[in-house]
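**Student:** The structure under discussion is supplied below as structure tokens; questions concerning it will follow.
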Amino acid sequence: MNSMSESTISKHFEEHFFVSGHTACSGCGQALATRLVVDAIGKNNIVANATGCLEVFSTKYPQSSWRIPWIHSLFENAAAVASGIEAALRYLGKIDTVRVCAFAGDGGTADIGFQALSGMLERGHDVLFCCFDNEAYMNTGIQRSGLTPFQASTTTSPAGKVWKGNWRLKKSLVEIVAAHFVPYSASASVGFPQDLQRKVKKAISLRGPKYIQIHVPCPLGWGFDSSLTIDIGKKAVLSGLYPLVEYEGGKLTKVFKLSQKIPVIDYIKPQSRFRHLLKDEEALRQLQKVADKNIEYYKLGEV
Amino acid sequence: MRKFLEGSHAVAEAVKRCKPGVISAYPITPQTHIVERIADFVANGELNAQFINVESEHSAASVVLGAEACGVRAFTATSSQGLILMSEVLFNIAGLRLPLVLVCANRALSAPINIWNDHQDAVALRDSGWIMVFAESNQEVHDFIYQAYKVGENPKVMLPVMVNMDGYILTHGMEPVDIPDQALVDKFLPPYNPPYKLDIDNPLSLGLLGDPTVYLETRYALQKTLEEIKDLIPKVGEEFKQLFGRKGLNFVESYKVDDADSVILGMGSLCGTVKDFVDKKREEGEKIGLLRIIVYRPFPKKIIYELLKEKERLFILEKAISLGMEGPLYTEVKSLFNKPSPKMYGFIAGLGGRDITFNTLEEMLKVGEDKEVDCYFLDVDHSLLKDEFYV
Amino acid sequence: MFGPLAAKPGSSKENKTGSWRTLRKPKFLHKNCIGCGLCKLICPEGCIIGEGKNTYINDELYCKGCGLCSYICPKKDIEMVPERK
């Protein structure tokens with residue numbers, strides 16, 4: 001079918017700094033987001049990675065998918081380790097040429113990693129913190145986290161006869177980070193990959209703490225076919241459930257306006273984690289309310 | 001230069017002369033004076049370092065972990081609750097083979113909350129893979145800082161070192177301390193140059209997932225390193241003595257032990273009191289001595305055995321307890337001498353999920369036929385133990 | 001073994017994840033391709049190479065057959081076909 005030699009085809013190993021051979025699930029949103037982020041930041045970056053899906057599927061001894069310097073310490077200290085790396089680079093006088101990133105999942109950012117993140121933001125370290133938000137503790141088998149959305153079913157917030165899945169709203173981490181008055185706090189999605197790369201490039205053009213929360217749909221955890229990752233990501237944004245916003249210096253400066261809005265049912269129908277809502281009119285109405293509130297709050301509808 | 005200093009300030013003066021690049025600070029009584037004095041140095045331009053005010057001890061240890069991983073010498077200090085809070089990171093630092101130096105101002109563990117001195121905090125970390133030393137005086141803790149970096153940063157060691165000093169007794173007690181010139185310290189302690197680090201010119205990945213096929217070997221390698229530094233420590237101590245003109249680091253201090261019938265064993269500043277007590281008892285005609293254990297990890301098994309095997313009585317005095325068992329130092333010293341009727345062999349297996357199979361058990365029985373062992377690792381895949389640490 | 005568990009950059013090249021495919025794989029038709037490069041942009045494995053019209057192709061040694069390239073192609077120039085082993 002293709003006449004190219006193996007050595008020609010495998011030049012993708014030179015083109016990217018997060019390369020093939022990792023053991024992410026087929027269609028993994030987080031693998032896609034990582035590739036997009038790392039391609040955008042380039043080779044002069046050091047990454048501190050929290051425990052989670054990304055760390056596990058990219059570095060099982062003796063293999064690593066990373067072609068930039070990378071360190072994994074613990075679950076909750078990605079921001080603190082990144083702070084230490086940044087301080088070391090500052091001491092060595094290399095902070096202008098070598099940059100620092102911290103990567104963590106939603107658990108390692110909003111829950112167990114929250115303290116270290118807040119400390120890093122408050123101290124003003126020049127670090128780009130990317131939260132890969134697949135809305136649950138995926139690596140340990142889909143448990144509820146602080147960023148699990150309203151009514152999503154997880155193994156520790158399952159939908160049953162009494163419970164309708166997760167009963168809390170997502171923690172507004174983008175706003176909490178912005179409340180530290182850092183240069184940049186934004187949300188992005190793999191549903192809009194070019195927007196994500198734009199935001200990454202914008203972030204690294206700034207000095208100081210930057211935060212990008214990336215919505216990364218998880219085929220296994222959310223229950224949909226691997227080819228729909230980007231589609232589901234798009235629909236989350238277009239329904240209003242995952243607004244794409246940008247805060248600079250604590251002020252809301254930009255939102256992704258919804259030229260076409262879709263009802264939440266279009267977003268949740270393909271996902272088995274929301275299956276219990278399809279027969280529950282009242283629950284669905286409540287979820288639509290959440291979306292509508294976002295649209296009103298961020299003025300997403302005014303084109 | 002001779003100064004009359006409290007121990008915490010003696011530590012700060014030593015740290016300053018080691019020129020760390022990153023220092024993380026979180027307050028906890030009774031170590032706070034250490035980081036406060038270092039902050040003064042940085043604030044007045046006397047020390048060029050990044051001084052990071054972290055939001056918890058867990059982050060304090062994580063920040064210096066990140067710095068050491070970049071090849072920059074780092075320092076932090078803590079005590080009791082802080083040490084236990086950062087214990088997760090301390091195990092991580094030992095496993096990542098980063099030669100951090102940490103000063104622990106030994107203090108009792110909560111609950112009940114108590115800010116005064118004992119050794120429960122440090123001994124709780126004795127399994128972590130850290131090199132641990134206990135200082136008796138302010139001069140010693142000052143001198144140990146230089147030697148700690150030298151031992152830890154040795155490319156064949158690459159292990160973190162905890163320098164223990166008794167909270168309040170040493171941290172706040174004032175003693176005369178001889179502080180060397182920077183030039184002399186520079187002669188003794190070269191700049192930190194690790195064999196591996198985070199570097200864009202050689203972009204390694206550090207801290208990988210080690211599944212059951214490889215984890216056991218990492219622990220074996222760490223244990224081997226701790227066993228092999230038995231020669232390095234007195235060598236560093238001797239080098240220190242040659243350069244600075246006073247005694248350097250050694251595993252133990254033997255005080256009137258040679259002709260003693262009874263020997264008291266202890267660690268830290270309590271040994272100062274014991275030495276005076278030994279002198280008093282000697283005047284009364286009792287043949288008693290003190291063996292002060294300075295390096296607690298790696299535990300100087302052979303040295304203690306050789307010095308004490310002919311003694312009549314050993315009094316092991318310690319400021320800690322392994323609740324539910326006995327004092328940890330007692331357990332460890334006792335294990336050197338007991339010759340019970342059954343022969344006893346100690347084996348390590350199954351680390352990191354490595355299955356224990358009939359082969360493991362056969363190996364165990366076979367080893368027991370040949371010799372007495374006290375810490376034999378079963379199932380080690382020696383092909384994994386190369387000099388290089390990546391494939 | 002000495003030192004932390006570490007790995008050389010890009011050593012995951014040893015792991016040929018193409019063996020994971022059991023269901024389907026992409027077929028790059030090279031008929032209506034406009035050279036937008038979206039397929040290369042969004043591959044989670046990063047194993048699509050190419051630069052310009054009708055040059056894009058996946059590396060079958062690593063492609064997991066997720067189908068995202070086929071989904072995103074605006075000209076429907078990538079088809080998912082059954083994997084024959």
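Chain lettering (A, B, ...) mirrors the order of the structure tokens, residue numbering begins at 1 for each chain separately, and ligand numbering begins at 1 in order of display.
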Neighbouring residues of B:Asp259 were defined as those with any atom within 9 Å, considering only C-alpha atoms; residues of the same chain fewer than 5 positions away were excluded. Please report them as a VMD selection string.
**Tutor:** chain B and resid 287 to 289
**Student:** Could you find all residues in stretch 310-384 of chain B that DSSP calls strand (DSSP E) from the backbone, and write them as a ChimeraX atom specification?
**Tutor:** /B:313-316,347-348,376-377
**Student:** Which value, in Å to one decimal, gives the distance between atom CA of B:Val63 and atom CA of B:Ala108?
**Tutor:**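 Atom-to-atom, atom CA of B:Val63 and atom CA of B:Ala108 are spaced 25.2 Å apart.
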**Student:** Find, counting only C-alpha atoms, the residue in A:Ala24, A:Ile95, A:Val216, A:Leu252 that gets nearest to A:Asn139.
**Tutor:**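 Nearest to A:Asn139: A:Ala24.
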**Student:** For chain A against chain B, with a cut-off of 9 Å and counting only C-alpha atoms, what is the closest atom pair and its distance in Å to one decimal for every residue that makes the cut, ordered by chain and number, as a Markdown table?
**Tutor:**
```
| residue | atom | partner | partner_atom | distance |
| --- | --- | --- | --- | --- |
| A:Lys43 | CA | B:Ile200 | CA | 7.2 |
| A:Asn44 | CA | B:Ile200 | CA | 6.1 |
| A:Asn45 | CA | B:Ile200 | CA | 7.1 |
| A:Ile46 | CA | B:Leu198 | CA | 7.1 |
| A:Ala48 | CA | B:Gly66 | CA | 8.3 |
| A:Glu55 | CA | B:Leu208 | CA | 8.0 |
| A:Val56 | CA | B:Leu209 | CA | 6.5 |
| A:Ser58 | CA | B:Leu208 | CA | 8.9 |
| A:Thr59 | CA | B:Leu208 | CA | 5.4 |
| A:Lys60 | CA | B:Leu209 | CA | 4.8 |
| A:Tyr61 | CA | B:Leu208 | CA | 5.7 |
| A:Pro62 | CA | B:Val391 | CA | 6.3 |
| A:Gln63 | CA | B:Leu208 | CA | 8.4 |
| A:Ser64 | CA | B:Ser205 | CA | 6.7 |
| A:Ser65 | CA | B:Ser205 | CA | 8.8 |
| A:Trp66 | CA | B:Ser205 | CA | 6.8 |
| A:Arg67 | CA | B:Pro203 | CA | 6.1 |
| A:Ile68 | CA | B:Pro203 | CA | 4.8 |
| A:Pro69 | CA | B:Pro203 | CA | 4.0 |
| A:Trp70 | CA | B:Ser205 | CA | 4.6 |
| A:Ile71 | CA | B:Leu206 | CA | 4.7 |
| A:His72 | CA | B:Gly207 | CA | 4.9 |
| A:Ser73 | CA | B:Gly207 | CA | 6.3 |
| A:Leu74 | CA | B:Val89 | CA | 7.5 |
| A:Asn77 | CA | B:Ser62 | CA | 6.4 |
| A:Ala78 | CA | B:Ser62 | CA | 8.4 |
| A:Ala79 | CA | B:Ser59 | CA | 8.6 |
| A:Ala80 | CA | B:Val63 | CA | 5.2 |
| A:Val81 | CA | B:Gly66 | CA | 4.5 |
| A:Ala82 | CA | B:Gly66 | CA | 6.4 |
| A:Ser83 | CA | B:Val63 | CA | 5.9 |
| A:Gly84 | CA | B:Val63 | CA | 3.9 |
| A:Ile85 | CA | B:Gly66 | CA | 4.7 |
| A:Glu86 | CA | B:Ala67 | CA | 7.8 |
| A:Ala87 | CA | B:Gln50 | CA | 5.9 |
| A:Ala88 | CA | B:Ala67 | CA | 5.0 |
| A:Leu89 | CA | B:Cys70 | CA | 7.7 |
| A:Arg90 | CA | B:Gln50 | CA | 7.6 |
| A:Tyr91 | CA | B:Gly21 | CA | 5.8 |
| A:Leu92 | CA | B:Gly21 | CA | 8.0 |
| A:Val98 | CA | B:Ile200 | CA | 7.8 |
| A:Gln115 | CA | B:Glu55 | CA | 7.5 |
| A:Ala116 | CA | B:Ser59 | CA | 6.4 |
| A:Ser118 | CA | B:Glu55 | CA | 8.5 |
| A:Gly119 | CA | B:Glu55 | CA | 5.6 |
| A:Met120 | CA | B:Val54 | CA | 8.2 |
| A:Arg123 | CA | B:Asn53 | CA | 7.8 |
```
**Student:** In Å, with one decimal, what is the gap from atom CA of B:Pro190 to atom CA of B:Val236?
**Tutor:**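 If I compute the distance from atom CA of B:Pro190 to atom CA of B:Val236, I get 12.9 Å.
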**Student:** Which is closer to C:Lys76 than all the others in C:Ser12, C:Asn32, C:Asn58, C:Thr17, using only C-alpha atoms?
**Tutor:**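 Once distances to C:Lys76 are computed over only C-alpha atoms, the minimum belongs to C:Asn32.
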**Student:** Set the distance at 8 Å and use only C-alpha atoms: which residues neighbour A:Asp39 once local chain neighbours fewer than 6 positions away are removed? I'd like the list as a ChimeraX atom specification.
**Tutor:** /A:16-18
**Student:** Which residues of chain C come within 9 Å of chain A, and what is each one's closest atom pair and distance in Å (one decimal), counting only C-alpha atoms, sorted by chain and residue number, as JSON lines?
**Tutor:**
```
{"residue": "C:Leu5", "atom": "CA", "partner": "A:Tyr61", "partner_atom": "CA", "distance": 7.0}
{"residue": "C:Ala6", "atom": "CA", "partner": "A:Pro62", "partner_atom": "CA", "distance": 7.1}
{"residue": "C:Ala7", "atom": "CA", "partner": "A:Pro62", "partner_atom": "CA", "distance": 5.6}
{"residue": "C:Lys8", "atom": "CA", "partner": "A:Ser64", "partner_atom": "CA", "distance": 6.8}
{"residue": "C:Pro9", "atom": "CA", "partner": "A:Arg67", "partner_atom": "CA", "distance": 4.5}
{"residue": "C:Gly10", "atom": "CA", "partner": "A:Ser65", "partner_atom": "CA", "distance": 4.8}
{"residue": "C:Ser11", "atom": "CA", "partner": "A:Gln63", "partner_atom": "CA", "distance": 4.9}
{"residue": "C:Ser12", "atom": "CA", "partner": "A:Gln63", "partner_atom": "CA", "distance": 4.7}
{"residue": "C:Lys13", "atom": "CA", "partner": "A:Gly21", "partner_atom": "CA", "distance": 5.3}
{"residue": "C:Glu14", "atom": "CA", "partner": "A:Gly21", "partner_atom": "CA", "distance": 6.9}
{"residue": "C:Asn15", "atom": "CA", "partner": "A:Gly21", "partner_atom": "CA", "distance": 4.8}
{"residue": "C:Lys16", "atom": "CA", "partner": "A:Gly21", "partner_atom": "CA", "distance": 5.9}
{"residue": "C:Thr17", "atom": "CA", "partner": "A:Gly21", "partner_atom": "CA", "distance": 5.7}
{"residue": "C:Gly18", "atom": "CA", "partner": "A:Gly21", "partner_atom": "CA", "distance": 8.7}
{"residue": "C:Trp20", "atom": "CA", "partner": "A:Ser26", "partner_atom": "CA", "distance": 8.7}
{"residue": "C:Lys27", "atom": "CA", "partner": "A:Met1", "partner_atom": "CA", "distance": 8.5}
{"residue": "C:Leu41", "atom": "CA", "partner": "A:Leu36", "partner_atom": "CA", "distance": 7.5}
{"residue": "C:Ile42", "atom": "CA", "partner": "A:Leu32", "partner_atom": "CA", "distance": 6.4}
{"residue": "C:Cys43", "atom": "CA", "partner": "A:Leu32", "partner_atom": "CA", "distance": 6.5}
{"residue": "C:Pro44", "atom": "CA", "partner": "A:Leu32", "partner_atom": "CA", "distance": 3.9}
{"residue": "C:Glu45", "atom": "CA", "partner": "A:Ser20", "partner_atom": "CA", "distance": 4.9}
{"residue": "C:Gly46", "atom": "CA", "partner": "A:Ser20", "partner_atom": "CA", "distance": 6.1}
{"residue": "C:Cys47", "atom": "CA", "partner": "A:His12", "partner_atom": "CA", "distance": 5.8}
{"residue": "C:Ile48", "atom": "CA", "partner": "A:His12", "partner_atom": "CA", "distance": 7.0}
{"residue": "C:Ile49", "atom": "CA", "partner": "A:His12", "partner_atom": "CA", "distance": 6.0}
{"residue": "C:Gly50", "atom": "CA", "partner": "A:Ile9", "partner_atom": "CA", "distance": 8.9}
{"residue": "C:Ile57", "atom": "CA", "partner": "A:Asn2", "partner_atom": "CA", "distance": 7.9}
{"residue": "C:Asn58", "atom": "CA", "partner": "A:Ile9", "partner_atom": "CA", "distance": 7.7}
{"residue": "C:Asp59", "atom": "CA", "partner": "A:Ile9", "partner_atom": "CA", "distance": 6.0}
{"residue": "C:Leu61", "atom": "CA", "partner": "A:Glu6", "partner_atom": "CA", "distance": 8.9}
{"residue": "C:Tyr62", "atom": "CA", "partner": "A:Ser20", "partner_atom": "CA", "distance": 6.4}
{"residue": "C:Cys63", "atom": "CA", "partner": "A:Ser20", "partner_atom": "CA", "distance": 8.5}
{"residue": "C:Lys64", "atom": "CA", "partner": "A:Ser26", "partner_atom": "CA", "distance": 5.6}
{"residue": "C:Gly65", "atom": "CA", "partner": "A:Ser26", "partner_atom": "CA", "distance": 7.0}
{"residue": "C:Cys66", "atom": "CA", "partner": "A:Gly27", "partner_atom": "CA", "distance": 4.9}
{"residue": "C:Gly67", "atom": "CA", "partner": "A:Ser227", "partner_atom": "CA", "distance": 4.4}
{"residue": "C:Leu68", "atom": "CA", "partner": "A:Ser227", "partner_atom": "CA", "distance": 4.6}
{"residue": "C:Cys69", "atom": "CA", "partner": "A:Ser227", "partner_atom": "CA", "distance": 8.1}
{"residue": "C:Ser70", "atom": "CA", "partner": "A:Ser227", "partner_atom": "CA", "distance": 8.0}
{"residue": "C:Tyr71", "atom": "CA", "partner": "A:Ser227", "partner_atom": "CA", "distance": 6.5}
{"residue": "C:Ile72", "atom": "CA", "partner": "A:Ile230", "partner_atom": "CA", "distance": 8.1}
```
**Student:** Could the residues in this selection be saved with N, CA and C atoms as a compact mmCIF listing (two decimals), in the first residue's frame?
**Tutor:**
```txt
# COMPACT_ATOMS: atom_id res chain seq x y z
N LEU C 5 15.76 4.90 38.22
CA LEU C 5 15.28 4.26 37.00
C LEU C 5 15.14 5.35 35.96
N ALA C 6 15.93 5.26 34.92
CA ALA C 6 15.92 6.29 33.91
C ALA C 6 15.90 5.64 32.55
N ALA C 7 15.58 6.43 31.53
CA ALA C 7 15.55 5.89 30.17
C ALA C 7 16.08 6.93 29.20
N LYS C 8 16.61 6.44 28.12
CA LYS C 8 17.11 7.32 27.05
C LYS C 8 15.90 7.92 26.34
N PRO C 9 16.09 9.14 25.80
CA PRO C 9 14.96 9.79 25.11
C PRO C 9 14.46 8.97 23.93
N GLY C 10 13.16 8.89 23.79
CA GLY C 10 12.56 8.22 22.64
C GLY C 10 12.77 6.73 22.58
N SER C 11 13.17 6.13 23.72
CA SER C 11 13.41 4.68 23.68
C SER C 11 12.12 3.88 23.52
N SER C 12 10.97 4.56 23.56
CA SER C 12 9.71 3.85 23.35
C SER C 12 9.59 3.36 21.90
N LYS C 13 10.55 3.78 21.08
CA LYS C 13 10.56 3.32 19.68
C LYS C 13 10.59 1.80 19.62
N GLU C 14 11.13 1.19 20.67
CA GLU C 14 11.23 -0.28 20.72
C GLU C 14 9.85 -0.93 20.77
N ASN C 15 8.85 -0.17 21.25
CA ASN C 15 7.55 -0.77 21.49
C ASN C 15 6.65 -0.56 20.29
N LYS C 16 6.52 -1.58 19.44
CA LYS C 16 5.78 -1.43 18.18
C LYS C 16 4.29 -1.60 18.44
N THR C 17 3.64 -0.50 18.83
CA THR C 17 2.23 -0.58 19.21
C THR C 17 1.31 -0.89 18.04
N GLY C 18 1.81 -0.95 16.84
CA GLY C 18 1.00 -1.36 15.69
C GLY C 18 0.40 -2.75 15.88
N TRP C 20 -1.13 -3.72 18.26
CA TRP C 20 -2.38 -3.64 19.01
C TRP C 20 -3.60 -3.74 18.09
N LYS C 27 -6.73 3.96 5.72
CA LYS C 27 -6.20 3.86 4.37
C LYS C 27 -6.20 5.27 3.80
N LEU C 41 -1.72 16.46 12.51
CA LEU C 41 -1.80 17.25 13.74
C LEU C 41 -2.41 16.45 14.87
N ILE C 42 -3.47 15.67 14.57
CA ILE C 42 -4.25 15.11 15.67
C ILE C 42 -3.99 13.63 15.96
N CYS C 43 -3.01 13.02 15.33
CA CYS C 43 -2.74 11.62 15.65
C CYS C 43 -2.18 11.52 17.07
N PRO C 44 -2.83 10.77 17.99
CA PRO C 44 -2.31 10.70 19.36
C PRO C 44 -0.96 10.01 19.44
N GLU C 45 -0.65 9.19 18.44
CA GLU C 45 0.65 8.52 18.44
C GLU C 45 1.70 9.38 17.78
N GLY C 46 1.27 10.39 17.02
CA GLY C 46 2.23 11.22 16.29
C GLY C 46 2.90 10.45 15.18
N CYS C 47 2.24 9.42 14.64
CA CYS C 47 2.94 8.55 13.68
C CYS C 47 2.49 8.78 12.25
N ILE C 48 1.92 9.94 11.96
CA ILE C 48 1.60 10.27 10.57
C ILE C 48 2.65 11.25 10.07
N ILE C 49 3.24 10.92 8.92
CA ILE C 49 4.23 11.83 8.34
C ILE C 49 3.66 12.40 7.04
N GLY C 50 4.27 13.48 6.59
CA GLY C 50 3.84 14.06 5.33
C GLY C 50 3.96 15.56 5.36
N ILE C 57 0.84 9.80 5.33
CA ILE C 57 0.75 8.35 5.48
C ILE C 57 1.05 8.01 6.94
N ASN C 58 0.42 6.92 7.42
CA ASN C 58 0.65 6.53 8.81
C ASN C 58 1.75 5.48 8.89
N ASP C 59 2.35 5.37 10.07
CA ASP C 59 3.38 4.36 10.31
C ASP C 59 2.69 3.14 10.92
N LEU C 61 3.70 0.46 11.97
CA LEU C 61 4.35 -0.21 13.08
C LEU C 61 3.85 0.31 14.42
N TYR C 62 3.28 1.55 14.40
CA TYR C 62 2.86 2.16 15.66
C TYR C 62 1.39 2.52 15.69
N CYS C 63 0.74 2.61 14.53
CA CYS C 63 -0.65 3.04 14.46
C CYS C 63 -1.56 2.09 15.23
N LYS C 64 -2.38 2.63 16.13
CA LYS C 64 -3.27 1.79 16.92
C LYS C 64 -4.66 1.67 16.30
N GLY C 65 -4.88 2.32 15.18
CA GLY C 65 -6.16 2.19 14.49
C GLY C 65 -7.31 2.89 15.20
N CYS C 66 -7.02 4.02 15.86
CA CYS C 66 -8.09 4.68 16.63
C CYS C 66 -9.15 5.30 15.73
N GLY C 67 -8.76 5.74 14.54
CA GLY C 67 -9.74 6.29 13.60
C GLY C 67 -9.89 7.80 13.68
N LEU C 68 -9.05 8.49 14.48
CA LEU C 68 -9.21 9.94 14.60
C LEU C 68 -8.83 10.65 13.32
N CYS C 69 -7.84 10.11 12.59
CA CYS C 69 -7.42 10.76 11.34
C CYS C 69 -8.57 10.70 10.33
N SER C 70 -9.21 9.55 10.28
CA SER C 70 -10.33 9.39 9.35
C SER C 70 -11.46 10.33 9.71
N TYR C 71 -11.70 10.50 11.03
CA TYR C 71 -12.78 11.38 11.48
C TYR C 71 -12.51 12.81 11.08
N ILE C 72 -11.23 13.25 11.23
CA ILE C 72 -10.97 14.69 11.09
C ILE C 72 -10.78 15.14 9.65
```
